[in-house]
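Asks: For reference, the file model.txt (compact mmCIF, C-alpha atoms) is included below:
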# COMPACT_ATOMS: atom_id res chain seq x y z
CA MET A 3 0.00 0.00 0.00
CA THR A 4 3.05 2.27 -0.04
CA ASP A 5 3.18 5.11 -2.50
CA ALA A 6 4.92 4.45 -5.78
CA THR A 7 8.63 5.14 -5.92
CA GLU A 8 10.05 7.54 -8.51
CA PRO A 9 10.88 4.92 -11.20
CA HIS A 10 7.43 3.44 -10.74
CA ARG A 11 5.79 6.83 -11.02
CA THR A 12 7.54 7.34 -14.33
CA GLU A 13 6.62 3.80 -15.37
CA ALA A 14 2.98 4.59 -14.54
CA ALA A 15 3.11 7.69 -16.75
CA GLU A 16 4.79 5.80 -19.59
CA TYR A 17 2.15 3.10 -19.31
CA VAL A 18 -0.63 5.70 -19.53
CA LEU A 19 1.06 7.32 -22.53
CA GLY A 20 1.21 3.94 -24.30
CA LEU A 21 5.02 3.99 -24.47
CA LEU A 22 5.60 0.58 -22.88
CA GLU A 23 5.80 -2.45 -25.14
CA GLY A 24 6.27 -6.17 -24.79
CA GLU A 25 7.45 -7.36 -21.40
CA ALA A 26 7.55 -3.85 -19.92
CA LYS A 27 3.88 -3.37 -20.80
CA ALA A 28 2.90 -6.80 -19.49
CA GLY A 29 4.80 -6.06 -16.27
CA ALA A 30 2.94 -2.77 -15.80
CA GLU A 31 -0.38 -4.55 -16.41
CA ARG A 32 0.46 -7.10 -13.73
CA ARG A 33 1.45 -4.36 -11.28
CA LEU A 34 -1.80 -2.57 -12.02
CA VAL A 35 -3.63 -5.56 -10.60
CA SER A 36 -1.28 -6.44 -7.75
CA ASP A 37 0.03 -3.06 -6.55
CA SER A 38 -2.57 -0.56 -5.39
CA GLY A 39 0.02 2.23 -5.10
CA PHE A 40 0.93 1.76 -8.75
CA ALA A 41 -2.75 1.61 -9.72
CA ARG A 42 -3.36 4.93 -7.94
CA GLU A 43 -0.43 6.50 -9.72
CA VAL A 44 -1.77 5.30 -13.09
CA GLU A 45 -5.16 6.77 -12.24
CA ARG A 46 -3.54 10.09 -11.26
CA TRP A 47 -1.66 10.29 -14.55
CA ARG A 48 -4.82 9.52 -16.48
CA ALA A 49 -6.57 12.33 -14.66
CA ARG A 50 -3.64 14.71 -15.23
CA PHE A 51 -3.63 14.12 -18.98
CA ALA A 52 -7.44 13.99 -19.32
CA GLU A 53 -7.56 17.72 -20.04
CA PHE A 54 -6.07 17.02 -23.46
CA ASP A 55 -9.03 14.74 -24.23
CA ASP A 56 -11.55 17.18 -22.78
CA SER A 57 -10.21 19.99 -24.95
CA THR A 58 -10.31 17.96 -28.17
CA ALA A 59 -12.89 18.99 -30.74
CA PRO A 60 -15.68 16.40 -31.11
CA HIS A 61 -16.30 14.73 -34.46
CA ALA A 62 -19.42 13.31 -36.02
CA ALA A 63 -20.45 9.94 -34.55
CA GLY A 64 -23.61 8.98 -36.38
CA GLU A 65 -26.13 6.18 -36.55
CA GLU A 66 -23.95 4.09 -38.84
CA LEU A 67 -21.20 3.80 -36.24
CA TRP A 68 -23.79 3.07 -33.57
CA ASN A 69 -25.30 0.31 -35.71
CA ARG A 70 -21.89 -1.32 -36.09
CA ILE A 71 -21.35 -1.15 -32.32
CA GLU A 72 -24.76 -2.60 -31.67
CA ALA A 73 -24.10 -5.49 -34.08
CA SER A 74 -20.66 -6.20 -32.63
CA THR A 75 -21.94 -6.39 -29.07
CA ALA A 76 -24.89 -8.62 -29.89
CA ALA A 77 -23.27 -11.54 -28.04
CA PRO A 78 -24.00 -11.66 -24.32
CA PRO A 79 -21.37 -10.12 -22.02
CA PRO A 80 -18.93 -12.46 -20.25
CA ALA A 81 -21.28 -12.69 -17.30
CA GLN A 82 -22.81 -15.66 -19.13
CA PRO A 83 -19.93 -18.20 -19.14
CA SER A 84 -19.45 -17.80 -15.39
CA ARG A 85 -23.12 -18.53 -14.86
CA TRP A 86 -22.78 -21.71 -16.91
CA ALA A 87 -19.70 -22.50 -14.90
CA LYS A 88 -21.64 -22.21 -11.64
CA LEU A 89 -24.35 -24.41 -13.03
CA TRP A 90 -21.86 -26.94 -14.27
CA ASN A 91 -20.11 -27.07 -10.89
CA ASP A 92 -23.44 -27.46 -9.16
CA LEU A 93 -24.11 -31.12 -9.89
CA PRO A 94 -27.50 -31.42 -8.15
CA VAL A 95 -28.77 -28.65 -10.40
CA MET A 96 -27.34 -30.48 -13.38
CA ARG A 97 -29.01 -33.74 -12.34
CA THR A 98 -32.41 -32.24 -11.79
CA ALA A 99 -32.41 -29.73 -14.58
CA ALA A 100 -34.34 -30.76 -17.63
CA ILE A 101 -31.75 -29.65 -20.09
CA GLY A 102 -33.34 -28.57 -23.34
CA SER A 103 -31.54 -29.43 -26.51
CA THR A 104 -30.56 -25.82 -27.07
CA PHE A 105 -28.94 -25.56 -23.69
CA ALA A 106 -27.26 -28.91 -24.14
CA ALA A 107 -25.92 -27.78 -27.49
CA LEU A 108 -24.68 -24.62 -25.86
CA LEU A 109 -22.80 -26.63 -23.25
CA LEU A 110 -21.36 -28.75 -26.02
CA ALA A 111 -20.30 -25.61 -27.85
CA VAL A 112 -18.59 -24.35 -24.75
CA GLY A 113 -16.77 -27.65 -24.82
CA LEU A 114 -17.10 -30.61 -22.50
CA GLY A 115 -13.53 -31.77 -22.95
CA ALA A 116 -11.43 -32.73 -19.94
CA ALA A 117 -9.30 -29.67 -20.54
CA ILE A 118 -12.17 -27.38 -19.86
CA ARG A 119 -13.53 -29.23 -16.88
CA GLN A 120 -10.09 -29.25 -15.31
CA ALA A 121 -9.91 -25.53 -15.80
CA ARG A 122 -13.32 -25.29 -14.10
CA LEU A 123 -14.82 -23.46 -17.07
CA GLN A 124 -13.55 -20.18 -15.77
CA PRO A 125 -11.59 -18.30 -18.44
CA VAL A 126 -9.24 -15.60 -17.18
CA MET A 127 -8.83 -14.08 -20.63
CA VAL A 128 -11.30 -13.94 -23.46
CA ALA A 129 -10.73 -12.79 -27.03
CA VAL A 130 -13.50 -12.37 -29.57
CA LEU A 131 -12.06 -12.78 -33.05
CA VAL A 132 -13.92 -10.66 -35.55
CA ASP A 133 -13.94 -9.69 -39.19
CA GLY A 134 -15.27 -6.16 -39.22
CA ASP A 135 -18.47 -6.45 -37.26
CA ARG A 136 -18.84 -10.22 -37.71
CA ALA A 137 -17.71 -12.35 -34.78
CA GLY A 138 -15.99 -15.54 -36.01
CA ALA A 139 -14.62 -17.25 -32.92
CA VAL A 140 -13.86 -16.84 -29.25
CA VAL A 141 -10.61 -17.74 -27.50
CA HIS A 142 -10.92 -18.65 -23.84
CA ALA A 143 -7.66 -18.78 -21.85
CA PHE A 144 -7.88 -20.52 -18.50
CA ALA A 145 -6.00 -20.06 -15.25
CA ASP A 146 -4.15 -23.37 -15.68
CA GLY A 147 -2.52 -22.17 -18.91
CA ARG A 148 -4.82 -23.98 -21.32
CA ALA A 149 -6.72 -22.16 -24.02
CA ILE A 150 -9.46 -23.16 -26.42
CA LEU A 151 -10.88 -21.67 -29.56
CA LEU A 152 -14.63 -21.88 -30.11
CA PRO A 153 -15.91 -21.05 -33.59
CA LEU A 154 -19.05 -18.93 -33.70
CA THR A 155 -19.65 -19.25 -37.41
CA SER A 156 -18.83 -21.62 -40.25
CA MET A 157 -15.71 -20.74 -42.21
CA ASN A 158 -15.28 -21.48 -45.85
CA VAL A 159 -12.14 -23.58 -46.31
CA PRO A 160 -11.35 -24.45 -49.96
CA SER A 161 -9.83 -27.88 -50.56
CA GLY A 162 -6.08 -27.98 -50.07
CA ARG A 163 -6.28 -25.19 -47.49
CA ALA A 164 -6.50 -25.10 -43.72
CA LEU A 165 -7.31 -22.71 -40.92
CA GLN A 166 -4.33 -21.76 -38.80
CA VAL A 167 -4.54 -19.98 -35.46
CA TRP A 168 -1.81 -17.55 -34.40
CA THR A 169 -1.02 -15.42 -31.44
CA LEU A 170 1.37 -12.54 -30.90
CA PRO A 171 2.96 -13.10 -27.47
CA SER A 172 5.24 -10.09 -28.05
CA ARG A 173 6.25 -7.79 -30.86
CA GLU A 174 9.83 -9.03 -30.63
CA ARG A 175 8.86 -12.65 -31.04
CA GLY A 176 6.27 -12.11 -33.74
CA PRO A 177 3.29 -14.35 -34.56
CA VAL A 178 3.43 -17.95 -33.31
CA SER A 179 1.23 -20.78 -34.62
CA VAL A 180 -0.93 -22.23 -31.87
CA GLY A 181 -3.31 -24.45 -33.83
CA LEU A 182 -4.23 -25.87 -37.20
CA MET A 183 -7.57 -27.29 -38.35
CA ASP A 184 -9.16 -28.35 -41.60
CA ARG A 185 -12.50 -26.79 -40.70
CA ALA A 186 -13.93 -24.51 -38.01
CA ARG A 187 -14.22 -26.58 -34.85
CA THR A 188 -13.51 -26.33 -31.13
CA LEU A 189 -9.76 -26.56 -30.77
CA GLU A 190 -7.39 -26.69 -27.86
CA LEU A 191 -4.61 -24.20 -28.57
CA GLN A 192 -0.94 -25.12 -28.14
CA LEU A 193 0.29 -22.45 -25.76
CA LYS A 194 2.59 -24.66 -23.69
CA ASP A 195 5.84 -23.09 -24.88
CA LEU A 196 4.56 -19.55 -24.63
CA PRO A 197 4.11 -17.09 -21.77
CA ARG A 198 0.60 -17.06 -20.30
CA PRO A 199 -1.63 -14.93 -22.51
CA GLY A 200 -1.82 -11.38 -21.15
CA PRO A 201 -4.50 -8.76 -21.70
CA ASP A 202 -4.65 -7.25 -25.16
CA GLN A 203 -2.79 -10.13 -26.80
CA LEU A 204 -3.62 -10.65 -30.44
CA PHE A 205 -5.11 -13.92 -31.72
CA GLU A 206 -5.95 -14.43 -35.37
CA ILE A 207 -7.07 -17.09 -37.83
CA THR A 208 -5.54 -17.14 -41.31
CA LEU A 209 -6.19 -19.27 -44.35
CA GLU A 210 -3.07 -21.31 -45.13
CA PRO A 211 -2.07 -24.28 -47.29
CA ALA A 212 -3.18 -27.67 -45.90
CA GLY A 213 -0.60 -28.72 -43.32
CA GLY A 214 0.01 -25.15 -42.25
CA SER A 215 2.01 -22.16 -43.37
CA PRO A 216 5.28 -23.30 -45.00
CA THR A 217 7.18 -20.35 -43.53
CA GLY A 218 6.07 -20.62 -39.91
CA ARG A 219 4.56 -17.16 -40.23
CA PRO A 220 1.08 -16.20 -41.46
CA THR A 221 1.08 -16.07 -45.26
CA GLY A 222 -2.63 -16.16 -46.11
CA PRO A 223 -5.46 -13.71 -45.58
CA ILE A 224 -6.57 -12.95 -42.01
CA LEU A 225 -10.12 -14.27 -41.59
CA PHE A 226 -10.76 -13.21 -38.00
CA LYS A 227 -8.72 -11.49 -35.35
CA GLY A 228 -9.13 -10.04 -31.90
CA ASN A 229 -7.35 -9.16 -28.67
CA THR A 230 -7.72 -10.71 -25.26
CA ALA A 231 -9.52 -8.95 -22.44
CA GLN A 232 -9.34 -9.93 -18.80
CA THR A 233 -12.47 -11.41 -17.25
CA LEU A 234 -13.45 -11.10 -13.62
CA MET B 5 -11.91 16.94 -15.73
CA ASN B 6 -12.81 19.32 -12.93
CA ASP B 7 -15.33 19.25 -10.12
CA SER B 8 -17.91 21.56 -11.68
CA GLY B 9 -21.59 20.60 -11.66
CA PRO B 10 -22.14 19.42 -15.26
CA ASP B 11 -18.97 17.31 -15.19
CA ARG B 12 -20.07 15.62 -12.00
CA ALA B 13 -23.51 14.95 -13.45
CA ILE B 14 -21.95 13.37 -16.56
CA GLU B 15 -19.62 11.31 -14.40
CA ALA B 16 -22.59 10.01 -12.40
CA GLN B 17 -24.56 9.22 -15.58
CA LEU B 18 -21.61 7.33 -17.04
CA ALA B 19 -20.97 5.36 -13.84
CA ALA B 20 -24.64 4.38 -13.70
CA ALA B 21 -24.65 3.40 -17.38
CA ILE B 22 -21.53 1.23 -16.94
CA ALA B 23 -23.20 -0.51 -14.00
CA ARG B 24 -26.23 -1.19 -16.22
CA CYS B 25 -23.95 -2.57 -18.96
CA ALA B 26 -22.45 -4.91 -16.37
CA ALA B 27 -25.97 -6.16 -15.71
CA GLY B 28 -26.38 -6.86 -19.43
CA GLU B 29 -28.58 -3.88 -20.30
CA ARG B 30 -27.69 -2.98 -23.84
CA SER B 31 -29.69 0.26 -23.81
CA ALA B 32 -27.10 1.65 -21.38
CA MET B 33 -24.50 1.45 -24.16
CA ARG B 34 -26.54 3.96 -26.13
CA VAL B 35 -26.52 6.36 -23.19
CA ILE B 36 -22.73 6.25 -23.11
CA TYR B 37 -22.60 6.58 -26.91
CA ASP B 38 -24.78 9.69 -26.88
CA ILE B 39 -22.73 11.36 -24.15
CA GLU B 40 -19.19 10.51 -25.24
CA ALA B 41 -18.94 9.10 -28.78
CA PRO B 42 -18.31 12.42 -30.62
CA ARG B 43 -15.50 13.34 -28.23
CA MET B 44 -14.14 9.79 -28.44
CA VAL B 45 -14.03 9.94 -32.25
CA GLY B 46 -12.24 13.30 -31.94
CA VAL B 47 -9.65 11.89 -29.54
CA ALA B 48 -9.03 8.81 -31.70
CA ARG B 49 -8.77 10.94 -34.86
CA ARG B 50 -6.11 13.07 -33.25
CA MET B 51 -3.92 9.99 -33.08
CA LEU B 52 -5.04 7.99 -36.11
CA ARG B 53 -5.81 10.96 -38.42
CA ARG B 54 -8.37 8.93 -40.37
CA GLN B 55 -12.10 8.90 -39.72
CA ASP B 56 -12.48 5.19 -40.56
CA LEU B 57 -9.70 4.12 -38.17
CA ALA B 58 -11.00 6.48 -35.48
CA GLU B 59 -14.46 4.92 -35.78
CA GLU B 60 -12.90 1.47 -35.59
CA ALA B 61 -11.16 2.46 -32.35
CA VAL B 62 -14.44 3.74 -30.89
CA GLN B 63 -16.27 0.59 -31.96
CA ASP B 64 -13.54 -1.52 -30.37
CA THR B 65 -13.80 0.58 -27.21
CA PHE B 66 -17.52 -0.10 -26.91
CA MET B 67 -16.95 -3.83 -27.46
CA ARG B 68 -14.33 -3.88 -24.71
CA LEU B 69 -16.55 -1.76 -22.49
CA TRP B 70 -19.42 -4.20 -22.94
CA ARG B 71 -17.22 -7.18 -22.13
CA ALA B 72 -15.36 -5.57 -19.23
CA ALA B 73 -18.12 -3.47 -17.63
CA ARG B 74 -18.20 -5.78 -14.62
CA SER B 75 -14.54 -5.05 -13.92
CA PHE B 76 -15.18 -1.30 -13.55
CA ASP B 77 -14.58 -0.39 -9.92
CA PRO B 78 -15.63 3.17 -8.95
CA ALA B 79 -13.36 2.91 -5.88
CA ARG B 80 -10.33 2.74 -8.17
CA GLY B 81 -11.11 5.64 -10.46
CA GLY B 82 -13.62 7.66 -12.43
CA ALA B 83 -15.99 6.26 -15.03
CA ARG B 84 -14.94 8.75 -17.66
CA THR B 85 -11.23 8.14 -17.01
CA TRP B 86 -11.89 4.42 -17.35
CA LEU B 87 -13.72 4.90 -20.64
CA TYR B 88 -10.94 7.03 -22.11
CA ALA B 89 -8.28 4.60 -20.86
CA ILE B 90 -10.01 1.86 -22.89
CA LEU B 91 -10.23 4.19 -25.88
CA ARG B 92 -6.54 5.00 -25.57
CA ASN B 93 -5.66 1.28 -25.50
CA SER B 94 -7.79 0.57 -28.56
CA THR B 95 -6.39 3.55 -30.43
CA ILE B 96 -2.76 2.78 -29.60
CA SER B 97 -3.29 -0.87 -30.62
CA ILE B 98 -4.43 0.26 -34.05
CA LEU B 99 -1.65 2.83 -34.23
CA ARG B 100 1.06 0.32 -33.35
CA ASP B 101 -0.29 -2.32 -35.72
CA GLU B 102 2.32 -1.71 -38.39
CA SER B 103 0.77 -4.05 -40.93
CA ARG B 104 -2.09 -1.60 -41.38
CA PHE B 105 -0.65 1.71 -40.37
CA VAL B 106 1.30 3.25 -43.20
CA SER B 107 3.76 5.76 -41.85
CA ASP B 108 2.59 9.20 -42.80
CA PRO B 109 5.34 11.69 -43.68
CA GLU B 110 2.84 14.45 -42.94
CA ILE B 111 3.12 13.88 -39.19
CA GLY B 112 6.63 15.37 -39.14
CA GLU B 113 5.39 18.58 -40.71
CA VAL B 114 2.19 18.98 -38.77
CA ALA B 115 3.68 17.94 -35.45
CA ALA B 116 5.36 21.17 -34.38
CA PRO B 117 2.35 23.47 -34.77
CA ALA B 118 0.04 20.67 -33.61
CA THR B 119 1.76 20.37 -30.24
CA GLU B 120 1.46 24.10 -29.59
CA ASN B 121 -2.11 23.98 -30.81
CA ALA B 122 -2.98 21.19 -28.36
CA LEU B 123 -1.39 23.26 -25.61
CA ALA B 124 -3.32 26.37 -26.62
CA ARG B 125 -6.61 24.47 -26.49
CA LEU B 126 -6.14 23.75 -22.79
CA PRO B 127 -8.03 26.19 -20.55
CA GLU B 128 -6.05 29.15 -19.14
CA SER B 129 -6.66 27.80 -15.65
CA SER B 130 -5.27 24.35 -16.54
CA ALA B 131 -2.51 23.05 -14.27
CA LEU B 132 -1.39 20.76 -17.10
CA ARG B 133 -0.95 23.78 -19.36
CA ARG B 134 0.89 25.83 -16.73
CA CYS B 135 3.25 22.97 -15.92
CA LEU B 136 3.94 22.06 -19.55
CA GLU B 137 4.70 25.69 -20.31
CA GLN B 138 7.45 25.59 -17.71
CA LEU B 139 9.31 22.93 -19.71
CA ASP B 140 11.68 23.70 -22.61
CA ALA B 141 9.92 23.48 -25.98
CA GLU B 142 11.50 20.13 -26.94
CA ARG B 143 10.89 18.56 -23.53
CA ARG B 144 7.29 19.73 -23.74
CA ALA B 145 6.92 18.39 -27.27
CA VAL B 146 7.85 14.81 -26.33
CA VAL B 147 5.03 14.66 -23.79
CA ILE B 148 2.43 16.25 -26.06
CA LEU B 149 3.41 14.17 -29.10
CA ALA B 150 3.20 11.00 -27.02
CA TYR B 151 -0.12 11.75 -25.37
CA VAL B 152 -1.99 13.75 -28.00
CA HIS B 153 -0.67 12.03 -31.13
CA GLY B 154 0.29 8.66 -29.66
CA LEU B 155 3.92 8.65 -30.84
CA SER B 156 6.14 5.81 -29.57
CA HIS B 157 9.65 6.29 -28.14
CA GLY B 158 11.08 5.28 -31.52
CA GLU B 159 8.88 7.72 -33.41
CA LEU B 160 9.76 10.50 -30.98
CA ALA B 161 13.46 9.83 -31.51
CA GLY B 162 12.97 9.95 -35.28
CA ARG B 163 10.90 13.09 -35.10
CA LEU B 164 13.38 14.95 -32.92
CA GLY B 165 16.47 13.52 -34.65
CA VAL B 166 17.99 12.15 -31.44
CA PRO B 167 19.04 8.61 -30.40
CA LEU B 168 16.35 6.40 -28.85
CA GLY B 169 18.03 6.53 -25.42
CA THR B 170 18.00 10.33 -25.50
CA ALA B 171 14.31 10.43 -26.37
CA LYS B 172 13.55 8.05 -23.49
CA SER B 173 15.63 10.07 -21.05
CA TRP B 174 14.01 13.37 -22.13
CA MET B 175 10.62 11.78 -21.67
CA ARG B 176 11.44 10.55 -18.16
CA ARG B 177 12.81 13.91 -17.07
CA SER B 178 9.79 15.71 -18.51
CA LEU B 179 7.45 13.37 -16.66
CA ILE B 180 9.29 13.85 -13.36
CA SER B 181 9.12 17.66 -13.75
CA LEU B 182 5.48 17.47 -14.72
CA ARG B 183 4.61 15.36 -11.72
CA GLU B 184 6.48 17.66 -9.34
CA CYS B 185 4.69 20.66 -10.78
CA MET B 186 1.19 19.16 -10.89
CA GLY B 187 1.43 17.42 -7.52
Show the structure stored in the file as structure tokens.

Replies:
Amino acid sequence: MTDATEPHRTEAAEYVLGLLEGEAKAGAERRLVSDSGFAREVERWRARFAEFDDSTAPHAAGEELWNRIEASTAAPPPAQPSRWAKLWNDLPVMRTAAIGSTFAALLLAVGLGAAIRQARLQPVMVAVLVDGDRAGAVVHAFADGRAILLPLTSMNVPSGRALQVWTLPSRERGPVSVGLMDRARTLELQLKDLPRPGPDQLFEITLEPAGGSPTGRPTGPILFKGNTAQTL
Amino acid sequence: MNDSGPDRAIEAQLAAAIARCAAGERSAMRVIYDIEAPRMVGVARRMLRRQDLAEEAVQDTFMRLWRAARSFDPARGGARTWLYAILRNSTISILRDESRFVSDPEIGEVAAPATENALARLPESSALRRCLEQLDAERRAVVILAYVHGLSHGELAGRLGVPLGTAKSWMRRSLISLRECMG
């Protein structure tokens, strides 16, 4: 609860300015959660600089932009998965509930694999991968280091091609392949050799030759992409 | 953001709307949109300089807001500050995404007047303005270019024609002075 020291005060300001990258940024994000003195300093810097935002001239923000926002937030907020999780953990409820086919399908979509049950269905990071305002898939990263990709729509995969999933653990390292599939399906992502996904980490799906990109880097068009956000 | 009446009323409206978003009420998003979207587009445009990218940043901000509304904690900071922190993250993500952002030679030419312009737009009574004005022009410029236009350390170094380490050290010293002055 001590006040931030001078280097940390500067770090807080650099974080607010968006000057930290890679590990420095991830470190600041961790401190923001774990160190209340640092969090207060970040908040103070945000308030100090807010006058620049307040004095900026507004621009048109019409119905078209609103319609896109409305479409892109049509999915329920992340309150929902945790409610399923509670239900799933509550076996008596599960035994007595007359599960309709829709709900059962929903549970299946969330994934009933051992990986997910072990992680207690409680993602710590969620990324919605989108193409414009169309949501294509969700990535759920769990506290135990596992992550799954859940498609939300069918994806057109021509023969001889495959869908490859990538993430960007850091700018220095560049994109890393974390999964390959011949069609859109629920997929456990291979994150074992990578740092735990942090907030605002990019995930994307590209169309690649069957067997995966020959270069180890994305070569085909990006179908869907999105960044992780921390859940409660 | 000061403590005057209308600002406090807006702050309260935003905090209430975020709480309603956390409860899954989508109509609350429209309340936030009506209050803040034009200013948000303006702020994003300042950094991205293109209307389409600015709108993308605002759309992304609302998506993140909708997903993260439950994590908003009024004890830790203001609703409006929170909203603009999300906007800043979204905007900087787009800005730093080199695959899409084509470096614009124009920024070098517009930057010098733009920094003074951003300073001049601050109210006379602004502590930020008073404290920035106490810095040397170049030390002031690094802070304004980073906040108002979203320049990275590397871009600042290029803009000012100094090594990266020098740009970083100028930035740190400016921030220390600024903090001492603003308290």

Asks: Please provide the set of residues having any atom within 8 Å of region 42-49 of chain A, restricted to all atoms listed in the file, with same-chain residues fewer than 4 positions apart removed, written as an NGL selection string.

Replies: (:A and (6 or 11 or 14-15 or 17-18 or 34 or 38 or 53)) or (:B and (5 or 80-81 or 85 or 89))

Asks: Dump C-alpha atoms for the selected residues as a PDB file, keeping the file's coordinate frame?

Replies:
ATOM      1  CA  ALA A   6       4.920   4.450  -5.780  1.00  0.00           C
ATOM      2  CA  ARG A  11       5.790   6.830 -11.020  1.00  0.00           C
ATOM      3  CA  ALA A  14       2.980   4.590 -14.540  1.00  0.00           C
ATOM      4  CA  ALA A  15       3.110   7.690 -16.750  1.00  0.00           C
ATOM      5  CA  TYR A  17       2.150   3.100 -19.310  1.00  0.00           C
ATOM      6  CA  VAL A  18      -0.630   5.700 -19.530  1.00  0.00           C
ATOM      7  CA  LEU A  34      -1.800  -2.570 -12.020  1.00  0.00           C
ATOM      8  CA  SER A  38      -2.570  -0.560  -5.390  1.00  0.00           C
ATOM      9  CA  GLU A  53      -7.560  17.720 -20.040  1.00  0.00           C
TER      10      GLU A  53
ATOM     11  CA  MET B   5     -11.910  16.940 -15.730  1.00  0.00           C
ATOM     12  CA  ARG B  80     -10.330   2.740  -8.170  1.00  0.00           C
ATOM     13  CA  GLY B  81     -11.110   5.640 -10.460  1.00  0.00           C
ATOM     14  CA  THR B  85     -11.230   8.140 -17.010  1.00  0.00           C
ATOM     15  CA  ALA B  89      -8.280   4.600 -20.860  1.00  0.00           C
TER      16      ALA B  89
END

Asks: Give me, as a PyMOL selection string, the residues of chain B touching chain A, with the criterion being at most 6 Å (counting only C-alpha atoms).

Replies: chain B and resi 42-43+45-46+63+67+71+125-126+151+156

Asks: Neighbours of Leu155 (chain B) within 12 Å (only C-alpha atoms; same-chain residues fewer than 6 positions away dropped), as a list of chain:residue names?

Replies: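 After dropping sequence-adjacent residues, the list is A:Glu16, A:Leu19, A:Gly20, A:Leu21, A:Leu22, B:Arg50, B:Met51, B:Leu52, B:Thr95, B:Ile96, B:Ser97, B:Leu99, B:Arg100, B:Ser107, B:Ile111, B:Gly112, B:Ala115, B:Thr119, B:Ala145, B:Val146, B:Val147, B:Ile148, B:Leu149, B:Ala161, B:Gly162, B:Arg163, B:Leu164, B:Ala171, B:Met175.
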
Asks: What separation in Å, quoted to one decimal, exists between CA of Ala73 (chain B) and CA of Ala26 (chain B)?

Replies: 4.7 Å

Asks: Out of B:Glu137, B:Asp11, B:Glu29, B:Glu142, which residue has the shortest atom-to-atom distance to Trp174 (chain B) when counting only C-alpha atoms?

Replies: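 Ranking B:Glu137, B:Asp11, B:Glu29, B:Glu142 by distance to Trp174 (chain B), first place goes to B:Glu142.
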
Asks: Could you tell me how far CA of Pro223 (chain A) sits from CA of Leu196 (chain A), in Å to one decimal place?

Replies: 23.9 Å

Asks: Rounded to one decimal, what separation in Å do you get between CA of Gly162 (chain A) and CA of Pro211 (chain A)?

Replies: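 Answer for the CA of Gly162 (chain A) to CA of Pro211 (chain A) separation: 6.1 Å.
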
Asks: Show me, as AutoDock Vina command-line options, the centre and edge lengths in Å to one decimal of the axis-aligned box that covers every listed atom of region 153-170 of chain A with 3 Å on each side.

Replies:
--center_x -9.1 --center_y -20.3 --center_z -40.7 --size_x 27.0 --size_y 21.4 --size_z 25.7

Asks: Given the choices A:Gly181, A:Leu154, A:Ala145, A:Pro201, which gets closest to Ala30 (chain A) if the distance is worked out from only C-alpha atoms?

Replies: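 Smallest separation from Ala30 (chain A) among the options: A:Pro201.
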
Asks: Find the spatial neighbours of Leu151 (chain A), counting all atoms listed in the file, within a cut-off of 8 Å - ignore same-chain residues fewer than 2 positions away - and output them as a VMD selection string.

Replies: chain A and resid 139 to 142 149 153 187 to 191

Asks: Please, which residues are within 10 Å of (-23.6, -1.2, -11.5) by the file's coordinates, counting all atoms listed in the file, and could they come as a list in words?

Replies: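 Protein, DNA and RNA residues close to (-23.6, -1.2, -11.5): Ala19, Ala20, Ala21, Ile22, Ala23, Arg24, Cys25, Ala26, Ala27, Ala73, Arg74, Phe76, Asp77 and Pro78 of chain B.
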
Asks: Take the residues from that selection and write them out as a PDB file, keeping the file's coordinate frame, keeping C-alpha atoms.

Replies:
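Result saved to part31.pdb:
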ATOM      1  CA  ALA B  19     -20.970   5.360 -13.840  1.00  0.00           C
ATOM      2  CA  ALA B  20     -24.640   4.380 -13.700  1.00  0.00           C
ATOM      3  CA  ALA B  21     -24.650   3.400 -17.380  1.00  0.00           C
ATOM      4  CA  ILE B  22     -21.530   1.230 -16.940  1.00  0.00           C
ATOM      5  CA  ALA B  23     -23.200  -0.510 -14.000  1.00  0.00           C
ATOM      6  CA  ARG B  24     -26.230  -1.190 -16.220  1.00  0.00           C
ATOM      7  CA  CYS B  25     -23.950  -2.570 -18.960  1.00  0.00           C
ATOM      8  CA  ALA B  26     -22.450  -4.910 -16.370  1.00  0.00           C
ATOM      9  CA  ALA B  27     -25.970  -6.160 -15.710  1.00  0.00           C
ATOM     10  CA  ALA B  73     -18.120  -3.470 -17.630  1.00  0.00           C
ATOM     11  CA  ARG B  74     -18.200  -5.780 -14.620  1.00  0.00           C
ATOM     12  CA  PHE B  76     -15.180  -1.300 -13.550  1.00  0.00           C
ATOM     13  CA  ASP B  77     -14.580  -0.390  -9.920  1.00  0.00           C
ATOM     14  CA  PRO B  78     -15.630   3.170  -8.950  1.00  0.00           C
TER      15      PRO B  78
END

Asks: Mind checking which residues fall within 9 Å of Cys185 (chain B), counting only C-alpha atoms, ignoring those fewer than 4 positions away in the same chain, and posting them as a PDB file with C-alpha atoms, in the coordinates of the input?

Replies:
ATOM      1  CA  ALA B 131      -2.510  23.050 -14.270  1.00  0.00           C
ATOM      2  CA  LEU B 132      -1.390  20.760 -17.100  1.00  0.00           C
ATOM      3  CA  ARG B 134       0.890  25.830 -16.730  1.00  0.00           C
ATOM      4  CA  CYS B 135       3.250  22.970 -15.920  1.00  0.00           C
ATOM      5  CA  LEU B 136       3.940  22.060 -19.550  1.00  0.00           C
ATOM      6  CA  GLN B 138       7.450  25.590 -17.710  1.00  0.00           C
ATOM      7  CA  ILE B 180       9.290  13.850 -13.360  1.00  0.00           C
ATOM      8  CA  SER B 181       9.120  17.660 -13.750  1.00  0.00           C
TER       9      SER B 181
END
